[in-house]
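The structure file model_31.tsv is reproduced below (TSV, C-alpha atoms and all ligand atoms).
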chain	number	residue	atom	x	y	z
I	1	MET	CA	24.67	-41.45	13.48
I	2	SER	CA	25.14	-40.40	17.10
I	3	GLU	CA	22.24	-38.69	18.85
I	4	LEU	CA	22.14	-34.90	18.37
I	5	ARG	CA	22.16	-33.64	21.95
I	6	PHE	CA	21.99	-30.29	23.72
I	7	ASP	CA	23.76	-31.01	27.01
I	8	GLY	CA	24.94	-27.80	28.63
I	9	LYS	CA	22.97	-25.64	26.18
I	10	VAL	CA	20.31	-23.16	27.29
I	11	ALA	CA	17.27	-22.76	25.05
I	12	ILE	CA	14.50	-20.18	25.11
I	13	VAL	CA	11.32	-21.29	23.36
I	14	THR	CA	8.70	-18.55	23.16
I	15	GLY	CA	5.01	-19.39	23.10
I	16	ALA	CA	5.95	-22.84	24.39
I	17	GLY	CA	2.79	-23.47	26.41
I	18	ASN	CA	0.85	-24.87	23.45
I	19	GLY	CA	1.12	-26.30	19.98
I	20	LEU	CA	4.44	-26.21	18.18
I	21	GLY	CA	6.39	-24.41	20.90
I	22	LYS	CA	5.41	-27.01	23.48
I	23	SER	CA	6.62	-29.78	21.21
I	24	TYR	CA	9.96	-28.00	20.63
I	25	ALA	CA	10.47	-27.39	24.36
I	26	LEU	CA	9.74	-31.04	25.24
I	27	LEU	CA	12.10	-32.38	22.58
I	28	LEU	CA	14.97	-30.01	23.44
I	29	GLY	CA	14.45	-30.75	27.15
I	30	SER	CA	14.53	-34.50	26.52
I	31	ARG	CA	17.89	-34.12	24.77
I	32	GLY	CA	19.70	-32.31	27.55
I	33	ALA	CA	18.90	-28.62	26.91
I	34	LYS	CA	17.98	-26.41	29.85
I	35	VAL	CA	14.77	-24.85	28.63
I	36	VAL	CA	13.06	-21.54	29.35
I	37	VAL	CA	9.42	-22.26	28.59
I	38	ASN	CA	7.94	-18.87	27.80
I	39	ASP	CA	4.21	-18.32	27.41
I	40	LEU	CA	1.84	-15.52	28.12
I	41	GLY	CA	-1.09	-17.92	28.39
I	42	LYS	CA	-3.42	-16.04	26.06
I	43	SER	CA	-6.08	-17.05	23.55
I	44	VAL	CA	-5.26	-17.48	19.85
I	45	THR	CA	-6.18	-13.83	19.23
I	46	GLY	CA	-4.01	-12.58	22.09
I	47	ASP	CA	-6.95	-11.83	24.40
I	48	GLY	CA	-8.05	-13.22	27.76
I	49	GLY	CA	-6.48	-16.47	28.88
I	50	ASP	CA	-7.96	-18.88	31.39
I	51	GLY	CA	-5.85	-18.00	34.42
I	52	LYS	CA	-3.65	-21.10	34.42
I	53	ASN	CA	-0.45	-20.66	32.51
I	54	PRO	CA	0.29	-23.61	30.20
I	55	ALA	CA	4.04	-22.93	30.51
I	56	ASP	CA	3.92	-24.47	34.02
I	57	LEU	CA	2.49	-27.72	32.66
I	58	VAL	CA	5.23	-27.96	30.04
I	59	VAL	CA	7.92	-27.29	32.66
I	60	ASP	CA	6.42	-30.06	34.83
I	61	GLU	CA	6.46	-32.45	31.90
I	62	ILE	CA	10.12	-31.73	31.10
I	63	LYS	CA	11.11	-32.14	34.74
I	64	LYS	CA	9.14	-35.37	35.13
I	65	ALA	CA	11.09	-36.79	32.18
I	66	GLY	CA	14.35	-35.92	33.97
I	67	GLY	CA	15.08	-32.62	32.21
I	68	GLU	CA	15.65	-29.06	33.39
I	69	ALA	CA	13.26	-26.18	32.69
I	70	VAL	CA	11.87	-22.94	34.09
I	71	ALA	CA	8.73	-21.06	33.13
I	72	ASN	CA	8.53	-17.44	32.06
I	73	TYR	CA	5.19	-15.66	31.65
I	74	ASP	CA	6.25	-12.40	30.01
I	75	SER	CA	5.03	-11.28	26.65
I	76	VAL	CA	7.68	-11.63	23.95
I	77	GLU	CA	7.58	-7.88	23.47
I	78	PHE	CA	9.63	-7.71	26.73
I	79	GLY	CA	12.48	-9.91	25.56
I	80	GLU	CA	14.95	-8.69	28.17
I	81	LYS	CA	12.77	-10.21	30.93
I	82	ILE	CA	12.71	-13.57	29.17
I	83	VAL	CA	16.47	-13.53	28.63
I	84	LYS	CA	16.91	-12.52	32.29
I	85	THR	CA	14.97	-15.63	33.31
I	86	ALA	CA	17.41	-17.73	31.27
I	87	VAL	CA	20.50	-15.99	32.65
I	88	ASP	CA	19.24	-16.07	36.27
I	89	ALA	CA	18.31	-19.76	36.10
I	90	PHE	CA	20.98	-21.16	33.79
I	91	GLY	CA	23.66	-18.48	33.33
I	92	THR	CA	23.42	-17.90	29.55
I	93	VAL	CA	21.46	-18.34	26.31
I	94	ASP	CA	22.54	-20.56	23.42
I	95	ILE	CA	19.34	-21.19	21.49
I	96	ILE	CA	16.29	-19.06	20.77
I	97	VAL	CA	13.18	-20.37	19.08
I	98	ASN	CA	11.02	-17.35	18.27
I	99	ASN	CA	7.73	-19.18	18.04
I	100	ALA	CA	5.09	-17.21	19.98
I	101	GLY	CA	2.28	-16.09	17.76
I	102	ILE	CA	-1.30	-14.92	17.48
I	103	LEU	CA	-3.78	-14.43	14.66
I	104	ARG	CA	-6.09	-11.48	14.01
I	105	ASP	CA	-7.59	-12.65	10.70
I	106	VAL	CA	-9.85	-10.12	9.01
I	107	SER	CA	-10.24	-8.90	5.45
I	108	PHE	CA	-8.25	-5.77	4.78
I	109	GLN	CA	-11.46	-3.85	4.21
I	110	LYS	CA	-12.46	-4.47	7.82
I	111	MET	CA	-9.04	-4.36	9.44
I	112	LYS	CA	-8.63	-2.11	12.46
I	113	ASP	CA	-5.38	-0.61	13.72
I	114	ILE	CA	-5.45	-2.93	16.73
I	115	ASP	CA	-5.50	-6.00	14.43
I	116	TRP	CA	-2.49	-4.71	12.54
I	117	ASP	CA	-0.55	-3.43	15.56
I	118	LEU	CA	-0.98	-6.53	17.75
I	119	ILE	CA	0.28	-8.82	15.00
I	120	MET	CA	3.35	-6.63	14.45
I	121	LEU	CA	3.91	-6.44	18.20
I	122	VAL	CA	3.84	-10.17	18.90
I	123	HIS	CA	5.49	-11.53	15.76
I	124	LEU	CA	7.96	-8.83	14.72
I	125	LYS	CA	8.64	-6.82	17.86
I	126	GLY	CA	8.55	-10.05	19.88
I	127	ALA	CA	11.19	-11.82	17.80
I	128	TYR	CA	13.26	-8.65	17.71
I	129	SER	CA	13.01	-8.05	21.44
I	130	VAL	CA	13.95	-11.55	22.60
I	131	THR	CA	16.77	-11.85	20.07
I	132	ARG	CA	18.11	-8.37	20.78
I	133	ALA	CA	18.29	-9.08	24.49
I	134	ALA	CA	20.32	-12.25	23.86
I	135	TRP	CA	22.39	-11.00	20.90
I	136	ASN	CA	25.34	-9.56	22.80
I	137	ILE	CA	25.53	-12.64	25.02
I	138	MET	CA	25.73	-14.78	21.89
I	139	ARG	CA	28.25	-12.46	20.22
I	140	GLU	CA	30.52	-12.52	23.24
I	141	LYS	CA	30.45	-16.29	23.62
I	142	LYS	CA	30.67	-16.73	19.84
I	143	TYR	CA	27.76	-19.13	19.80
I	144	GLY	CA	24.10	-18.88	18.98
I	145	ARG	CA	21.36	-20.75	17.19
I	146	ILE	CA	18.21	-18.81	16.34
I	147	ILE	CA	15.09	-20.14	14.68
I	148	ASN	CA	12.40	-17.71	13.55
I	149	THR	CA	8.89	-18.70	12.62
I	150	GLY	CA	7.60	-17.46	9.31
I	151	SER	CA	4.61	-18.80	7.45
I	152	SER	CA	3.47	-19.77	3.97
I	153	SER	CA	1.01	-16.88	4.42
I	154	GLY	CA	3.99	-14.56	4.32
I	155	ILE	CA	5.68	-16.32	1.40
I	156	PHE	CA	2.59	-16.36	-0.79
I	157	GLY	CA	0.12	-13.90	0.77
I	158	SER	CA	-3.18	-15.01	2.21
I	159	PHE	CA	-6.73	-13.72	2.00
I	160	GLY	CA	-7.75	-12.19	5.34
I	161	GLN	CA	-4.20	-12.25	6.69
I	162	SER	CA	-2.54	-9.13	5.30
I	163	ASN	CA	-1.34	-8.25	8.83
I	164	TYR	CA	-0.03	-11.74	9.63
I	165	ALA	CA	1.49	-12.28	6.16
I	166	THR	CA	3.36	-8.99	6.40
I	167	ALA	CA	4.84	-9.84	9.79
I	168	LYS	CA	5.72	-13.38	8.78
I	169	LEU	CA	7.59	-12.36	5.64
I	170	GLY	CA	9.26	-9.65	7.72
I	171	LEU	CA	10.70	-12.40	9.89
I	172	TRP	CA	12.34	-13.86	6.83
I	173	GLY	CA	14.12	-10.56	6.12
I	174	PHE	CA	15.07	-10.44	9.80
I	175	THR	CA	16.48	-13.97	9.57
I	176	GLN	CA	18.60	-13.26	6.50
I	177	SER	CA	20.05	-10.09	8.01
I	178	LEU	CA	20.93	-11.74	11.34
I	179	ALA	CA	22.51	-14.63	9.46
I	180	LYS	CA	24.85	-12.15	7.78
I	181	GLU	CA	25.58	-10.18	10.96
I	182	GLY	CA	26.09	-13.25	13.12
I	183	GLU	CA	28.09	-15.42	10.73
I	184	LYS	CA	31.57	-14.45	11.94
I	185	ARG	CA	30.56	-15.08	15.56
I	186	ASN	CA	29.13	-18.53	14.95
I	187	ILE	CA	25.56	-17.32	15.36
I	188	ARG	CA	23.32	-19.11	12.86
I	189	CYS	CA	19.80	-18.01	12.16
I	190	ASN	CA	17.24	-19.85	10.06
I	191	CYS	CA	13.51	-19.51	9.44
I	192	ILE	CA	10.73	-22.06	9.17
I	193	ALA	CA	7.29	-21.86	7.64
I	194	PRO	CA	5.63	-24.70	9.54
I	195	ILE	CA	2.28	-26.34	9.20
I	196	ALA	CA	0.74	-28.17	12.12
I	197	GLY	CA	-2.56	-29.02	13.66
I	198	THR	CA	-2.74	-26.78	16.73
I	199	ARG	CA	-5.38	-24.63	18.39
I	200	MET	CA	-4.34	-21.94	15.88
I	201	THR	CA	-5.34	-24.09	12.92
I	202	ALA	CA	-8.05	-26.20	14.63
I	203	THR	CA	-10.86	-24.01	13.28
I	204	VAL	CA	-9.77	-24.30	9.66
I	205	MET	CA	-8.58	-27.92	9.45
I	206	PRO	CA	-10.66	-31.12	9.63
I	207	ALA	CA	-9.86	-33.53	12.50
I	208	GLU	CA	-8.01	-36.12	10.37
I	209	VAL	CA	-5.77	-33.43	8.90
I	210	ILE	CA	-4.99	-32.11	12.38
I	211	GLU	CA	-3.99	-35.66	13.34
I	212	ALA	CA	-1.66	-35.99	10.32
I	213	LEU	CA	-0.02	-32.65	11.05
I	214	LYS	CA	1.13	-33.18	14.62
I	215	PRO	CA	3.50	-30.53	16.03
I	216	ASP	CA	5.76	-33.49	16.90
I	217	TYR	CA	6.32	-33.95	13.16
I	218	VAL	CA	7.88	-30.46	13.00
I	219	ALA	CA	9.87	-30.46	16.24
I	220	PRO	CA	12.78	-32.73	15.12
I	221	PHE	CA	13.58	-30.25	12.36
I	222	VAL	CA	13.63	-27.35	14.82
I	223	ALA	CA	15.99	-29.40	17.00
I	224	PHE	CA	18.19	-29.99	13.94
I	225	LEU	CA	18.30	-26.24	13.24
I	226	ALA	CA	19.02	-25.54	16.93
I	227	HIS	CA	21.94	-27.95	17.02
I	228	GLU	CA	25.59	-27.00	17.01
I	229	SER	CA	26.11	-28.95	13.77
I	230	VAL	CA	23.47	-27.16	11.68
I	231	PRO	CA	25.14	-26.45	8.33
I	232	ASP	CA	22.84	-23.70	7.04
I	233	ASN	CA	22.56	-20.03	7.90
I	234	GLY	CA	19.88	-17.63	6.67
I	235	ALA	CA	17.72	-20.29	5.04
I	236	LEU	CA	13.94	-20.63	4.84
I	237	TYR	CA	12.20	-23.99	4.99
I	238	GLU	CA	8.68	-25.29	4.71
I	239	VAL	CA	8.08	-28.07	7.21
I	240	GLY	CA	5.06	-30.16	8.16
I	241	ALA	CA	3.95	-33.79	8.58
I	242	GLY	CA	7.58	-34.87	8.23
I	243	TYR	CA	8.08	-33.06	4.91
I	244	ILE	CA	10.95	-30.54	4.78
I	245	ALA	CA	11.84	-28.36	1.79
I	246	ARG	CA	13.95	-25.29	1.29
I	247	GLN	CA	12.54	-22.15	-0.31
I	248	ARG	CA	14.56	-19.57	-2.25
I	249	TRP	CA	14.15	-16.58	-4.52
I	250	GLN	CA	14.23	-16.78	-8.28
I	251	ARG	CA	14.94	-13.96	-10.71
I	252	SER	CA	13.96	-14.14	-14.38
I	253	ALA	CA	16.72	-13.45	-16.89
I	254	GLY	CA	14.98	-10.10	-17.32
I	255	VAL	CA	15.31	-7.51	-20.06
I	256	GLN	CA	17.94	-4.81	-20.24
I	257	TYR	CA	16.27	-1.89	-21.98
I	258	ASN	CA	18.20	1.08	-23.22
I	259	PRO	CA	17.78	3.31	-20.15
I	260	ALA	CA	17.96	6.49	-22.20
I	261	ALA	CA	15.12	5.29	-24.42
I	262	LEU	CA	12.99	3.70	-21.67
I	263	THR	CA	9.31	4.45	-22.10
I	264	PRO	CA	6.18	2.67	-20.82
I	265	GLU	CA	5.58	1.52	-24.41
I	266	ALA	CA	9.09	0.06	-24.72
I	267	ILE	CA	8.46	-1.87	-21.49
I	268	ALA	CA	5.10	-3.14	-22.74
I	269	ALA	CA	6.66	-4.35	-25.99
I	270	GLN	CA	8.89	-6.89	-24.18
I	271	TRP	CA	6.74	-7.50	-21.12
I	272	ASP	CA	6.47	-11.25	-21.65
I	273	LYS	CA	10.24	-11.54	-21.54
I	274	VAL	CA	10.47	-9.70	-18.20
I	275	GLY	CA	8.39	-12.42	-16.54
I	276	ASP	CA	9.82	-15.37	-18.46
I	277	PHE	CA	11.46	-17.88	-16.12
I	278	SER	CA	11.93	-20.57	-18.77
I	279	THR	CA	15.53	-19.67	-19.72
I	280	GLY	CA	18.34	-17.93	-17.92
I	281	ALA	CA	16.56	-17.59	-14.55
I	282	THR	CA	18.86	-17.41	-11.50
I	283	ASN	CA	18.52	-17.83	-7.74
I	284	PRO	CA	20.08	-14.73	-6.22
I	285	GLU	CA	21.29	-14.81	-2.64
I	286	SER	CA	22.41	-11.23	-2.09
I	287	ASN	CA	21.46	-7.71	-3.07
I	288	GLN	CA	24.92	-7.17	-4.62
I	289	GLU	CA	23.97	-9.61	-7.36
I	290	PHE	CA	21.28	-7.21	-8.60
I	291	MET	CA	23.83	-4.43	-8.93
I	292	GLU	CA	26.24	-6.78	-10.68
I	293	VAL	CA	23.62	-7.72	-13.27
I	294	ILE	CA	22.93	-4.04	-13.96
I	295	MET	CA	26.61	-3.11	-14.19
I	296	ASN	CA	27.37	-6.04	-16.51
I	297	ASN	CA	24.46	-5.12	-18.75
I	298	LEU	CA	25.47	-1.48	-18.86
I	299	GLU	CA	29.02	-2.50	-19.69
I	300	LYS	CA	27.76	-4.62	-22.58
I	301	GLN	CA	25.57	-1.76	-23.80
I	302	LYS	CA	28.50	0.59	-23.65
I	303	GLU	CA	30.69	-1.78	-25.65
I	304	ALA	CA	27.95	-2.22	-28.25
I	305	ALA	CA	27.41	1.54	-28.43
I	306	ALA	CA	31.12	2.18	-28.81
I	307	LYS	CA	31.25	-0.25	-31.73
I	308	ALA	CA	28.15	1.19	-33.37
I	309	ALA	CA	29.01	4.87	-32.92
I	310	PRO	CA	32.74	5.50	-33.05
I	311	VAL	CA	32.47	9.28	-32.85
I	312	VAL	CA	30.41	10.91	-30.08
I	313	ALA	CA	29.53	14.54	-30.66
I	314	SER	CA	30.82	16.91	-28.01
I	315	SER	CA	28.24	18.67	-25.87
I	316	GLY	CA	30.46	21.68	-25.59
I	317	LEU	CA	29.86	21.84	-21.82
I	318	LYS	CA	32.80	22.54	-19.50
I	319	SER	CA	31.76	19.65	-17.25
I	320	GLU	CA	32.35	17.16	-20.06
I	321	GLY	CA	36.02	16.85	-19.16
I	322	ILE	CA	35.23	15.94	-15.56
I	323	PHE	CA	32.69	13.33	-16.57
I	324	SER	CA	35.04	11.77	-19.07
I	325	MET	CA	37.66	11.49	-16.28
I	326	MET	CA	35.11	9.86	-13.98
I	327	LYS	CA	34.10	7.52	-16.75
I	328	SER	CA	37.60	6.27	-17.46
I	329	TYR	CA	38.34	6.00	-13.71
I	330	LEU	CA	35.25	3.85	-13.14
I	331	ALA	CA	36.01	1.68	-16.15
I	332	GLN	CA	39.19	0.15	-14.75
I	333	GLY	CA	41.18	-0.97	-11.70
I	334	HIS	CA	40.19	0.54	-8.36
I	335	GLY	CA	37.34	2.51	-9.92
I	336	LYS	CA	35.82	-0.61	-11.45
I	337	ALA	CA	36.02	-2.46	-8.11
I	338	LEU	CA	34.28	0.47	-6.45
I	339	VAL	CA	31.16	0.26	-8.59
I	340	PRO	CA	29.57	-2.89	-7.09
I	341	LYS	CA	30.59	-1.75	-3.58
I	342	VAL	CA	28.81	1.58	-3.91
I	343	ALA	CA	25.88	-0.24	-5.51
I	344	ALA	CA	24.01	2.93	-6.37
I	345	VAL	CA	23.26	4.98	-9.43
I	346	PHE	CA	23.92	8.73	-9.38
I	347	GLY	CA	22.32	10.94	-11.99
I	348	PHE	CA	23.65	14.36	-12.95
I	349	GLU	CA	21.66	16.70	-15.13
I	350	ILE	CA	23.82	19.56	-16.34
I	351	THR	CA	22.51	21.79	-19.10
I	352	LYS	CA	23.55	25.06	-20.57
I	353	ALA	CA	20.09	26.43	-20.05
I	354	LYS	CA	20.24	25.83	-16.28
I	355	GLY	CA	23.78	27.13	-16.10
I	401	LIG	P1	-0.59	-21.88	19.32
I	401	LIG	O1	-1.68	-20.87	19.46
I	401	LIG	O2	-0.95	-23.31	19.59
I	401	LIG	O3	0.63	-21.49	20.24
I	401	LIG	C1	1.14	-20.19	20.27
I	401	LIG	C2	1.52	-19.88	21.70
I	401	LIG	O4	2.07	-18.55	21.73
I	401	LIG	C3	0.37	-19.89	22.67
I	401	LIG	O5	0.63	-20.76	23.75
I	401	LIG	C4	0.25	-18.45	23.14
I	401	LIG	O6	-0.16	-18.32	24.50
I	401	LIG	C5	1.66	-17.95	22.95
I	401	LIG	N1	1.73	-16.50	22.84
I	401	LIG	C6	0.90	-15.68	22.14
I	401	LIG	N2	1.27	-14.41	22.29
I	401	LIG	C7	2.36	-14.40	23.11
I	401	LIG	C8	3.19	-13.39	23.62
I	401	LIG	N3	2.96	-12.09	23.34
I	401	LIG	N4	4.23	-13.72	24.43
I	401	LIG	C9	4.45	-15.04	24.73
I	401	LIG	N5	3.68	-16.05	24.27
I	401	LIG	C10	2.64	-15.74	23.46
I	401	LIG	O7	-0.01	-21.72	17.84
I	401	LIG	P2	0.94	-22.66	16.96
I	401	LIG	O8	0.14	-23.19	15.83
I	401	LIG	O9	1.69	-23.60	17.81
I	401	LIG	O10	1.91	-21.57	16.32
I	401	LIG	C11	3.27	-21.41	16.70
I	401	LIG	C12	3.94	-20.49	15.71
I	401	LIG	O11	3.92	-21.08	14.41
I	401	LIG	C13	3.27	-19.13	15.55
I	401	LIG	O12	4.25	-18.14	15.36
I	401	LIG	C14	2.44	-19.30	14.29
I	401	LIG	O13	2.16	-18.06	13.69
I	401	LIG	C15	3.34	-20.17	13.47
I	401	LIG	N6	2.69	-20.91	12.41
I	401	LIG	C16	1.84	-21.94	12.70
I	401	LIG	C17	1.24	-22.64	11.68
I	401	LIG	C18	0.40	-23.83	11.94
I	401	LIG	O14	0.01	-24.50	10.98
I	401	LIG	N7	0.06	-24.14	13.19
I	401	LIG	C19	1.42	-22.24	10.28
I	401	LIG	C20	2.38	-21.19	10.07
I	401	LIG	C21	2.97	-20.56	11.12

How does this structure look as C-alpha cells?
Amino acid sequence: MSELRFDGKVAIVTGAGNGLGKSYALLLGSRGAKVVVNDLGKSVTGDGGDGKNPADLVVDEIKKAGGEAVANYDSVEFGEKIVKTAVDAFGTVDIIVNNAGILRDVSFQKMKDIDWDLIMLVHLKGAYSVTRAAWNIMREKKYGRIINTGSSSGIFGSFGQSNYATAKLGLWGFTQSLAKEGEKRNIRCNCIAPIAGTRMTATVMPAEVIEALKPDYVAPFVAFLAHESVPDNGALYEVGAGYIARQRWQRSAGVQYNPAALTPEAIAAQWDKVGDFSTGATNPESNQEFMEVIMNNLEKQKEAAAKAAPVVASSGLKSEGIFSMMKSYLAQGHGKALVPKVAAVFGFEITKAKG
C-alpha cells in the first residue's frame, strides 16, 4: 500500500508539547503536514509550568526532520487564536486533533468547583472552541478531519474522576453530532479513548507498563483517522500499545409493557428481561431507532388489542371524534411517515369532570 501522506494539509494538534500530542505532531509533520503545535506548557493539573514551552521543542524537532511547523501557546479555551495561527502561517486548517488535557482527580466527596470547572474548560470548552473556530473554514472548503480525545474513564466511569469521566464521555456525544453535521461537507469526526504511558499516567503505571504503552504506538492510528481516506465518521475507538478496537452501544431487546397498566410492580415482575442481552439485543446508531422500536411495539399492541376487543365502548365525549380522526390519519400514508419524524409522544387528558 502506498504511504498515507499529508502533503499540503494543515494540522492543528492541541496539547502537542508532551505525551500523545507530541507524538501525533511529529508523525503528521514527518508525512508532509504543516503542523500547528499548540501547548500551554502547564503541569498535569493545569497549574504552573516551568517557563519553557515544550511546543517550541516539538516545532524544532519537526523542522530538523525537514517538516514545517509553528508553535502556538494559547489555551485551547481560546480556539480562535489557535486557528488564527494556522491561517496566518499556512492559510487554512484541514485537520484538528483535540488532544490537550489535564487531570484534577479527587473523590466526588472532596471535589471543589474549581476541579469540576477546569476539567470542563480544558476538555469540553477547549475542543468546542478550537473546532468551532475552524468549522466554517472546513465547511466552505468541504474538507475536514477531526479527532477528539475521549477516555475509557468516560466510557465506563472511574473512581475519583467524575469530572474527567463526564467531560470525556461528553466528547463522544460531541463527536457523533459533528459527524452528522459535517457529513455532507466531507468533514469526518472520530473519537479515540487512548492509553499511553505519559506524564499524565506516570504516577499510576509501573515503569515497564509505561514502556509498553508508548505514545508512538497510538500515533499511527491518529494519522489514519486524520487522513483523507479515513472510511469512518462518528466512531469511537480504544487504542493503545498497537491494539485498536471499536466501541459501540448495545440495547437489550427490552420489554414492552402495556403503558396504560404500567406500575412499579409490573416493571419489577419482568426486570430480568429488561436487562437481558442474551437474545434480541441490537446495536443502535441513531436516536430515531428508539422511536421506531416504540412505534412498532405500540402498533403490535394495538393490533393485538383490536383482535382481543372488537367493540370499544364510547366515552361519550365530544372530543372522541377528533381523536379518532387523528388516529386514522396517523395510522396510514403521510400520517404514518410523520410519526418517526416527530419522534415525540403527546398526551391529552380530557375528562368530563374537568370540562
Ligand atoms: P500529557 O499531560 O502528557 O499532555 C497533555 C498536554 O496538554 C500537555 O503538554 C499540556 O501542557 C497540554 N495542555 C493542558 N492544558 C492545556 C490547555 N488549556 N491548552 C493547551 N494545551 C494544554 O497527557 P497525555 O497523556 O499525552 O494526554 C493527551 C490526551 O489524551 C488528554 O486529553 C488525555 O486526557 C487523554 N488520555 C490520555 C490517556 C493516557 O493513558 N495517557 C488515557 C485516556 C485519555

Neighbours of ligand LIG 401 (chain I) within 6 Å, counting all atoms listed in the file, as a PyMOL selection string? chain I and resi 14-21+39-42+44+46+75-76+99-102+122+149-151+193-201

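Atom to atom, CA of Glu349 (chain I) and CA of Ala308 (chain I) stand 24.8 Å apart.
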
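With CA of Ser43 (chain I) on one side and CA of Gln161 (chain I) on the other, the separation reads 17.6 Å.
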
Once you count only C-alpha atoms, which residues end up no further than 10 Å from (9.8, -36.9, 10.9) in the file's frame, shown as a PyMOL selection string? chain I and resi 216-221+239-244

Write out as a VMD selection string the residues lying within 12 Å of region 25-27 of chain I, counting only C-alpha atoms and excluding same-chain residues fewer than 6 positions away. chain I and resid 4 to 6 10 to 19 33 to 39 55 57 to 71 95 to 99 215 to 224 226

Would you place a box with edges along x, y and z of the file around all atoms of region 170-176 of chain I listed there, add 3 Å to each of its six sides, and report the centre and edge lengths in Å to one decimal, as lines of an AutoDock Vina configuration file?
center_x = 13.9
center_y = -11.8
center_z = 8.0
size_x = 15.3
size_y = 10.3
size_z = 9.8

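Distance-wise, CA of Pro284 (chain I) and CA of Phe156 (chain I) end up 18.4 Å apart.
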
Expected answer as a ChimeraX atom specification: all residues with atoms within 12 Å of (25.1, -26.5, 10.4), only C-alpha atoms: /I:4,144-146,183,186-190,223-235

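Using all atoms listed in the file, the nearest neighbour of Ile147 (chain I) within the list I:Ser278, I:Ser315, I:Thr175, I:Gln250 is I:Thr175.
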
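Comparing the minimum interatomic distances between Val339 (chain I) and each of I:Gln288, I:Thr263, I:Gln301, I:Ser319, counting all atoms listed in the file, we find that I:Gln288 sits nearest.
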